[in-house]
Every structure is written in structure tokens, then in C-alpha cells.
$ cat target_2.txt   # compact mmCIF, C-alpha atoms and all ligand atoms
# COMPACT_ATOMS: atom_id res chain seq x y z
CA MET I 1 -52.70 55.74 28.65
CA THR I 2 -50.09 58.31 27.63
CA SER I 3 -51.08 61.18 25.40
CA ARG I 4 -49.86 61.71 21.88
CA TRP I 5 -46.46 63.33 21.60
CA ALA I 6 -44.11 64.08 18.74
CA PRO I 7 -40.62 65.55 18.74
CA GLY I 8 -40.18 69.05 17.35
CA ALA I 9 -36.50 68.56 16.56
CA GLN I 10 -35.25 68.01 13.04
CA THR I 11 -31.98 66.10 13.06
CA ALA I 12 -31.74 62.47 14.14
CA GLU I 13 -29.49 63.29 17.09
CA GLU I 14 -31.83 66.05 18.26
CA ILE I 15 -34.93 63.88 17.87
CA LEU I 16 -33.28 61.15 19.90
CA ALA I 17 -32.15 63.56 22.62
CA GLU I 18 -35.56 65.23 22.80
CA THR I 19 -37.31 61.86 23.12
CA ILE I 20 -34.97 60.69 25.87
CA GLU I 21 -35.37 63.97 27.72
CA HIS I 22 -39.18 63.88 27.44
CA PHE I 23 -39.73 60.26 28.47
CA GLY I 24 -36.70 59.53 30.66
CA ASN I 25 -36.49 55.86 31.60
CA LYS I 26 -39.95 55.28 30.12
CA ALA I 27 -38.31 55.30 26.69
CA ALA I 28 -36.43 52.31 25.31
CA LEU I 29 -34.49 51.74 22.14
CA THR I 30 -35.03 48.48 20.31
CA CYS I 31 -32.17 47.03 18.33
CA SER I 32 -32.06 43.81 16.31
CA PHE I 33 -28.28 43.94 15.86
CA GLY I 34 -29.03 42.94 12.29
CA GLY I 35 -29.49 46.07 10.20
CA PRO I 36 -27.06 48.99 10.13
CA GLY I 37 -29.54 51.66 11.27
CA GLY I 38 -29.82 50.26 14.77
CA MET I 39 -26.07 50.54 15.15
CA VAL I 40 -26.26 54.23 14.29
CA LEU I 41 -28.95 54.85 16.90
CA LEU I 42 -27.01 52.95 19.55
CA HIS I 43 -23.95 55.07 18.89
CA MET I 44 -25.97 58.29 19.09
CA ALA I 45 -27.80 57.16 22.23
CA SER I 46 -24.58 56.18 23.98
CA ARG I 47 -23.35 59.74 23.52
CA ILE I 48 -26.55 61.18 25.02
CA THR I 49 -26.93 58.71 27.87
CA PRO I 50 -25.73 55.13 28.12
CA LYS I 51 -28.51 54.62 30.66
CA ILE I 52 -31.22 54.31 28.05
CA PRO I 53 -32.65 50.77 28.11
CA VAL I 54 -31.87 48.87 24.90
CA LEU I 55 -34.31 46.08 24.16
CA PHE I 56 -33.25 43.05 22.20
CA LEU I 57 -35.76 40.37 21.22
CA ASP I 58 -33.99 37.03 20.97
CA THR I 59 -36.30 34.78 18.99
CA GLY I 60 -34.09 31.75 19.55
CA PHE I 61 -33.44 31.58 15.80
CA LEU I 62 -30.88 34.35 15.33
CA PHE I 63 -27.52 34.21 13.60
CA PRO I 64 -24.53 33.71 15.93
CA GLU I 65 -23.04 36.88 14.42
CA THR I 66 -26.05 38.84 15.69
CA LEU I 67 -25.67 37.58 19.24
CA ARG I 68 -21.94 38.26 19.22
CA LEU I 69 -22.51 41.82 17.99
CA ARG I 70 -25.01 42.45 20.81
CA ASP I 71 -22.40 41.47 23.41
CA GLU I 72 -19.59 43.40 21.75
CA VAL I 73 -21.58 46.61 21.42
CA ALA I 74 -23.01 46.48 24.94
CA GLU I 75 -19.48 46.22 26.25
CA ARG I 76 -18.02 48.88 23.99
CA TYR I 77 -20.69 51.54 24.68
CA GLY I 78 -21.47 50.56 28.27
CA LEU I 79 -25.14 50.17 27.37
CA GLU I 80 -27.67 48.12 29.24
CA VAL I 81 -29.03 45.63 26.69
CA ILE I 82 -32.09 43.86 28.03
CA THR I 83 -32.72 40.59 26.24
CA TYR I 84 -36.29 39.34 26.09
CA ARG I 85 -37.17 35.84 24.90
CA PRO I 86 -40.43 34.20 23.84
CA ALA I 87 -42.48 32.36 26.42
CA LEU I 88 -41.96 29.10 24.51
CA SER I 89 -38.57 27.64 23.61
CA PRO I 90 -38.22 26.51 19.97
CA ALA I 91 -38.81 22.91 21.09
CA GLU I 92 -41.91 23.86 23.10
CA GLN I 93 -43.28 25.81 20.16
CA ALA I 94 -42.76 22.81 17.85
CA GLU I 95 -44.49 20.57 20.35
CA ARG I 96 -47.50 22.84 20.69
CA TYR I 97 -47.86 24.21 17.14
CA GLY I 98 -46.03 21.64 15.05
CA ASP I 99 -42.67 21.65 13.31
CA ARG I 100 -41.53 24.60 11.21
CA LEU I 101 -44.39 26.93 12.06
CA TRP I 102 -42.52 29.69 10.21
CA GLU I 103 -43.18 27.88 6.92
CA ARG I 104 -46.86 27.17 7.52
CA ASP I 105 -47.88 30.32 9.37
CA PRO I 106 -45.08 32.88 9.67
CA ASP I 107 -47.42 35.51 11.09
CA ALA I 108 -48.25 33.22 14.00
CA CYS I 109 -44.58 32.42 14.49
CA CYS I 110 -43.60 36.12 14.50
CA ARG I 111 -46.47 36.87 16.88
CA LEU I 112 -45.23 34.25 19.35
CA ARG I 113 -41.55 35.07 19.04
CA LYS I 114 -41.58 38.83 18.52
CA VAL I 115 -44.86 40.72 18.84
CA GLU I 116 -46.01 39.17 22.11
CA VAL I 117 -42.50 39.42 23.51
CA MET I 118 -42.33 43.15 22.76
CA ALA I 119 -45.73 43.67 24.38
CA ARG I 120 -44.55 41.86 27.50
CA ALA I 121 -41.33 43.89 27.60
CA ALA I 122 -43.27 47.16 27.25
CA ARG I 123 -45.60 46.13 30.07
CA GLU I 124 -42.87 44.96 32.45
CA LEU I 125 -40.68 48.00 31.83
CA GLU I 126 -43.72 50.32 31.93
CA LEU I 127 -42.65 51.90 28.66
CA GLU I 128 -44.31 54.94 27.17
CA ALA I 129 -42.00 55.35 24.18
CA TRP I 130 -40.22 53.06 21.82
CA ILE I 131 -37.38 54.29 19.62
CA SER I 132 -36.53 52.32 16.50
CA ALA I 133 -34.33 52.68 13.42
CA LEU I 134 -37.01 52.36 10.72
CA ARG I 135 -36.36 54.38 7.57
CA ARG I 136 -38.63 55.28 4.69
CA ASP I 137 -36.12 54.13 2.09
CA GLN I 138 -35.95 50.55 3.42
CA GLY I 139 -38.76 49.40 1.18
CA ALA I 140 -42.37 49.84 0.16
CA SER I 141 -43.79 48.75 3.52
CA ARG I 142 -41.99 51.64 5.26
CA ARG I 143 -42.34 54.34 2.63
CA ALA I 144 -45.00 56.29 4.57
CA ILE I 145 -43.56 56.36 8.08
CA GLY I 146 -43.17 59.69 9.83
CA THR I 147 -40.87 60.67 12.66
CA ALA I 148 -43.36 59.57 15.30
CA THR I 149 -46.50 57.51 15.57
CA TYR I 150 -48.70 56.09 18.26
CA GLN I 151 -49.37 52.37 18.61
CA GLU I 152 -51.47 50.22 20.90
CA ILE I 153 -48.89 47.53 21.64
CA ALA I 154 -51.31 45.58 23.85
CA PRO I 155 -54.92 46.28 24.83
CA GLY I 156 -54.88 49.66 26.59
CA HIS I 157 -51.08 50.06 26.39
CA TRP I 158 -50.21 52.83 23.96
CA LEU I 159 -46.66 53.68 23.01
CA THR I 160 -45.24 56.68 21.23
CA LYS I 161 -42.96 55.25 18.58
CA VAL I 162 -40.14 57.47 17.42
CA PHE I 163 -38.08 56.93 14.28
CA PRO I 164 -35.16 59.40 14.34
CA LEU I 165 -33.74 57.98 11.09
CA ALA I 166 -37.05 58.04 9.17
CA ALA I 167 -35.72 60.45 6.55
CA TRP I 168 -32.23 58.93 6.30
CA THR I 169 -31.10 57.01 3.25
CA ARG I 170 -29.04 53.86 3.21
CA ARG I 171 -26.11 56.01 2.10
CA ASP I 172 -26.58 58.31 5.12
CA VAL I 173 -26.49 55.30 7.44
CA TRP I 174 -23.34 53.81 5.96
CA SER I 175 -21.60 57.20 5.84
CA TYR I 176 -22.25 57.61 9.56
CA ILE I 177 -21.01 54.09 10.28
CA VAL I 178 -17.80 54.63 8.34
CA ARG I 179 -17.25 58.11 9.79
CA HIS I 180 -17.57 56.93 13.38
CA ARG I 181 -16.07 53.47 12.85
CA ILE I 182 -19.11 51.78 14.29
CA PRO I 183 -19.26 47.97 14.46
CA TYR I 184 -21.99 46.31 12.42
CA ASN I 185 -23.17 42.81 11.64
CA PRO I 186 -20.49 41.11 9.47
CA LEU I 187 -23.21 39.32 7.47
CA LEU I 188 -24.02 42.68 5.87
CA ASP I 189 -20.68 42.29 4.05
CA ARG I 190 -21.68 38.82 2.86
CA GLY I 191 -24.67 39.66 0.70
CA TYR I 192 -27.36 40.19 3.31
CA SER I 193 -29.10 43.56 3.42
CA SER I 194 -31.46 42.89 6.34
CA LEU I 195 -31.16 40.25 9.03
CA GLY I 196 -33.73 38.43 11.09
CA CYS I 197 -34.15 34.76 11.95
CA ILE I 198 -31.88 32.32 10.12
CA GLN I 199 -34.63 30.34 8.43
CA CYS I 200 -36.45 33.45 7.20
CA THR I 201 -33.50 35.43 5.83
CA VAL I 202 -31.53 35.08 2.60
CA PRO I 203 -28.85 37.25 1.00
CA HIS I 204 -30.32 39.92 -1.22
CA ALA I 205 -28.93 42.80 -3.26
CA GLY I 206 -31.37 45.40 -4.52
CA SER I 207 -33.13 48.62 -3.75
CA ASP I 208 -35.63 47.01 -1.37
CA GLU I 209 -33.50 46.34 1.67
CA ARG I 210 -36.03 43.96 3.19
CA ALA I 211 -36.58 41.76 0.13
CA GLY I 212 -34.35 39.05 1.60
CA ARG I 213 -36.77 38.49 4.47
CA TRP I 214 -39.38 35.70 4.31
CA PRO I 215 -38.40 34.61 0.77
CA GLY I 216 -41.29 33.01 -1.10
CA GLN I 217 -43.83 34.22 1.47
CA ASN I 218 -46.30 37.03 1.07
CA LYS I 219 -44.82 38.80 4.07
CA VAL I 220 -42.49 41.76 4.48
CA GLU I 221 -42.89 42.75 8.14
CA CYS I 222 -42.81 40.71 11.34
CA GLY I 223 -45.78 42.58 12.80
CA LEU I 224 -43.95 44.79 15.28
CA HIS I 225 -44.42 47.83 13.07
CA LEU I 226 -47.67 47.17 11.28
CA SER I 227 -49.97 49.48 13.16
S1 LIG I 301 -38.79 35.66 11.34
FE1 LIG I 301 -39.41 33.52 10.86
S2 LIG I 301 -38.59 32.20 12.49
FE2 LIG I 301 -38.44 34.36 13.16
S3 LIG I 301 -40.24 34.67 14.38
FE3 LIG I 301 -40.76 35.34 12.29
S4 LIG I 301 -41.59 33.54 11.19
FE4 LIG I 301 -40.62 32.83 13.12
$ encode --input "target_2.txt" --output "C-alpha cells"
Amino acid sequence: MTSRWAPGAQTAEEILAETIEHFGNKAALTCSFGGPGGMVLLHMASRITPKIPVLFLDTGFLFPETLRLRDEVAERYGLEVITYRPALSPAEQAERYGDRLWERDPDACCRLRKVEVMARAARELELEAWISALRRDQGASRRAIGTATYQEIAPGHWLTKVFPLAAWTRRDVWSYIVRHRIPYNPLLDRGYSSLGCIQCTVPHAGSDERAGRWPGQNKVECGLHLS
């Protein structure tokens, strides 16, 4: 078990650099290639070291635009994007748990296709730190996040989670993207404000960036960032 750690730096770039320096290859960046914040972190990380592992969880239900962006950005920045997939294919999941599990029990579906996959990735890569683009202004479920937290991703496996953009606003993110001409998911120009799996994402315009996720369900997070 690693011990608690938090960056002392203030700016996003400095927090990212300090985290990478402290944990070395035991730190990975996760990116969904859906929201704009992840694209900012990838750009910053590529300037610090393109060697940082970038983890991408492919649920098997992602938009083609998301997959294309992953390939384009990996090539452009020379980053190593490591794609992890669930243990069960969509067909195997339907066979074992029934059709359209995401409608009947989205928490179970997200656990199978995201949470367990992240835990496996962290174990196999022997990660001690996980860097992600969460921001406080994304919505009510993220309002209280700090720059760093500590999470037991699997029994006995604790990770330091670092959020360099925690204090950034949506405007900050888009200003950075425009300033540095960073590629982003084209669906964000077609009414979507947050992107996940196709069947659990709808276009949405409003102050809560994540309100277009799991429409009609009492759910706002996939479970990766609940604890
Ligand atoms: S977002 Fe929907 S389809 Fe994707 S893993 Fe979660 S419940 Fe399943």
C-alpha cells in the first residue's frame, strides 16, 4: 500500500509535472476521449513526457468518433495509449446478464465495463497514481473534489488520484484548447457536453455538463470516481 501524497504545486501544468516526477511510470493518465478536459491533460502531459502511460477504457459501446480521436491523438503526440477492455464482450454480457443491462441495472453494467476494468489495469500496470481531468464545475457530483484524493481501487490496492484541472472552469478548458489548437471530440460541436457509451449519452446544453449522461436514470457517475 502506498502512502498518502498530494502535490504542493498550484497550476495544472505544475501539478501534472510534480505527479509524474514523484510517481514515474507508476502514474497513469486516464482519458475517455470524450470530454474536452482530457484533451487538455494529454497535451500538457505530452510536453512533459510522452512516456506517461495513457489508459483508455473501451467499453465496447463507444462512439466511432471517440475511437478515431484516440488513434489520431496517440499518433499526433506520440503517446502510448493502452486500451483496456471488459472481460466480457457485449454479446457475452447479454448472454450472462440479459439484454440491455444498462437499462435495468446501469450500475452493474458500469461495474463490469468500467470499474472492474480500471481495477485490473491498475493491478497489471502496478499503478500507484491515477491522473484524471475531473473538474469541480462539471456538475453537482464533482463540486467537492480537491486536487488529490486517495482511493482503494480494489481490495488492498490504494491509488493516489490527482486532478490537475480541479479548479478549472469550462471556459478555461476551451480557452486552452483554442489557444493550442488541440483536437477534441467532434460530437462536442453537435450538442453533446459529455460523452460516454452511445446508449447512455444524449445531447445536452446546460450548466451541468454531465446531465446528458444516463438520461432518465438516477445516476450521474459511472462509479470510477465515487469513492
Ligand atoms: S455507460 Fe451505460 S453502457 Fe456504458 S458501461 Fe455504463 S451503463 Fe453500461
$ closest_residue --input "target_2.txt" --among "I:Ile182, I:Ala12, I:Leu187, I:Cys197" --to "Ala167 in chain I" --atoms "only C-alpha atoms"
I:Ala12
$ residues_near_ligand --input "target_2.txt" --ligand "ligand LIG 301 (chain I)" --cutoff "8 Å" --atoms "all atoms listed in the file" --output "MDAnalysis selection string"
chainID I and resid 59 61:62 101:103 105:114 196:201 213:214 222
$ atom_distance --input "target_2.txt" --atom1 "CA of Glu116 in chain I" --atom2 "CA of Glu21 in chain I"
27.6 Å
$ residues_around --input "target_2.txt" --residues "Ser132 in chain I" --least-positions-apart "2" --cutoff "12 Å" --atoms "all atoms listed in the file" --output "mmCIF file with C-alpha atoms, keeping the file's coordinate frame"
data_model
loop_
_atom_site.group_PDB
_atom_site.id
_atom_site.type_symbol
_atom_site.label_atom_id
_atom_site.label_comp_id
_atom_site.auth_asym_id
_atom_site.auth_seq_id
_atom_site.Cartn_x
_atom_site.Cartn_y
_atom_site.Cartn_z
ATOM 1 C CA ALA I 12 -31.740 62.470 14.140
ATOM 2 C CA ILE I 15 -34.930 63.880 17.870
ATOM 3 C CA LEU I 16 -33.280 61.150 19.900
ATOM 4 C CA THR I 19 -37.310 61.860 23.120
ATOM 5 C CA ALA I 27 -38.310 55.300 26.690
ATOM 6 C CA ALA I 28 -36.430 52.310 25.310
ATOM 7 C CA LEU I 29 -34.490 51.740 22.140
ATOM 8 C CA THR I 30 -35.030 48.480 20.310
ATOM 9 C CA CYS I 31 -32.170 47.030 18.330
ATOM 10 C CA SER I 32 -32.060 43.810 16.310
ATOM 11 C CA PHE I 33 -28.280 43.940 15.860
ATOM 12 C CA GLY I 35 -29.490 46.070 10.200
ATOM 13 C CA PRO I 36 -27.060 48.990 10.130
ATOM 14 C CA GLY I 37 -29.540 51.660 11.270
ATOM 15 C CA GLY I 38 -29.820 50.260 14.770
ATOM 16 C CA MET I 39 -26.070 50.540 15.150
ATOM 17 C CA VAL I 40 -26.260 54.230 14.290
ATOM 18 C CA LEU I 41 -28.950 54.850 16.900
ATOM 19 C CA LEU I 42 -27.010 52.950 19.550
ATOM 20 C CA ALA I 45 -27.800 57.160 22.230
ATOM 21 C CA VAL I 54 -31.870 48.870 24.900
ATOM 22 C CA LEU I 55 -34.310 46.080 24.160
ATOM 23 C CA PHE I 56 -33.250 43.050 22.200
ATOM 24 C CA ALA I 129 -42.000 55.350 24.180
ATOM 25 C CA TRP I 130 -40.220 53.060 21.820
ATOM 26 C CA LEU I 134 -37.010 52.360 10.720
ATOM 27 C CA ARG I 135 -36.360 54.380 7.570
ATOM 28 C CA ILE I 145 -43.560 56.360 8.080
ATOM 29 C CA GLY I 146 -43.170 59.690 9.830
ATOM 30 C CA THR I 147 -40.870 60.670 12.660
ATOM 31 C CA ALA I 148 -43.360 59.570 15.300
ATOM 32 C CA THR I 149 -46.500 57.510 15.570
ATOM 33 C CA THR I 160 -45.240 56.680 21.230
ATOM 34 C CA LYS I 161 -42.960 55.250 18.580
ATOM 35 C CA VAL I 162 -40.140 57.470 17.420
ATOM 36 C CA PHE I 163 -38.080 56.930 14.280
ATOM 37 C CA PRO I 164 -35.160 59.400 14.340
ATOM 38 C CA LEU I 165 -33.740 57.980 11.090
ATOM 39 C CA ALA I 166 -37.050 58.040 9.170
ATOM 40 C CA LEU I 224 -43.950 44.790 15.280
ATOM 41 C CA HIS I 225 -44.420 47.830 13.070
#
$ atom_distance --input "target_2.txt" --atom1 "CA of Trp174 in chain I" --atom2 "CA of Tyr77 in chain I"
19.0 Å
$ residues_around --input "target_2.txt" --residues "Glu92 in chain I" --least-positions-apart "4" --cutoff "12 Å" --atoms "all atoms listed in the file" --output "number ranges by chain"
I: 60, 86-88, 96-101, 112-113
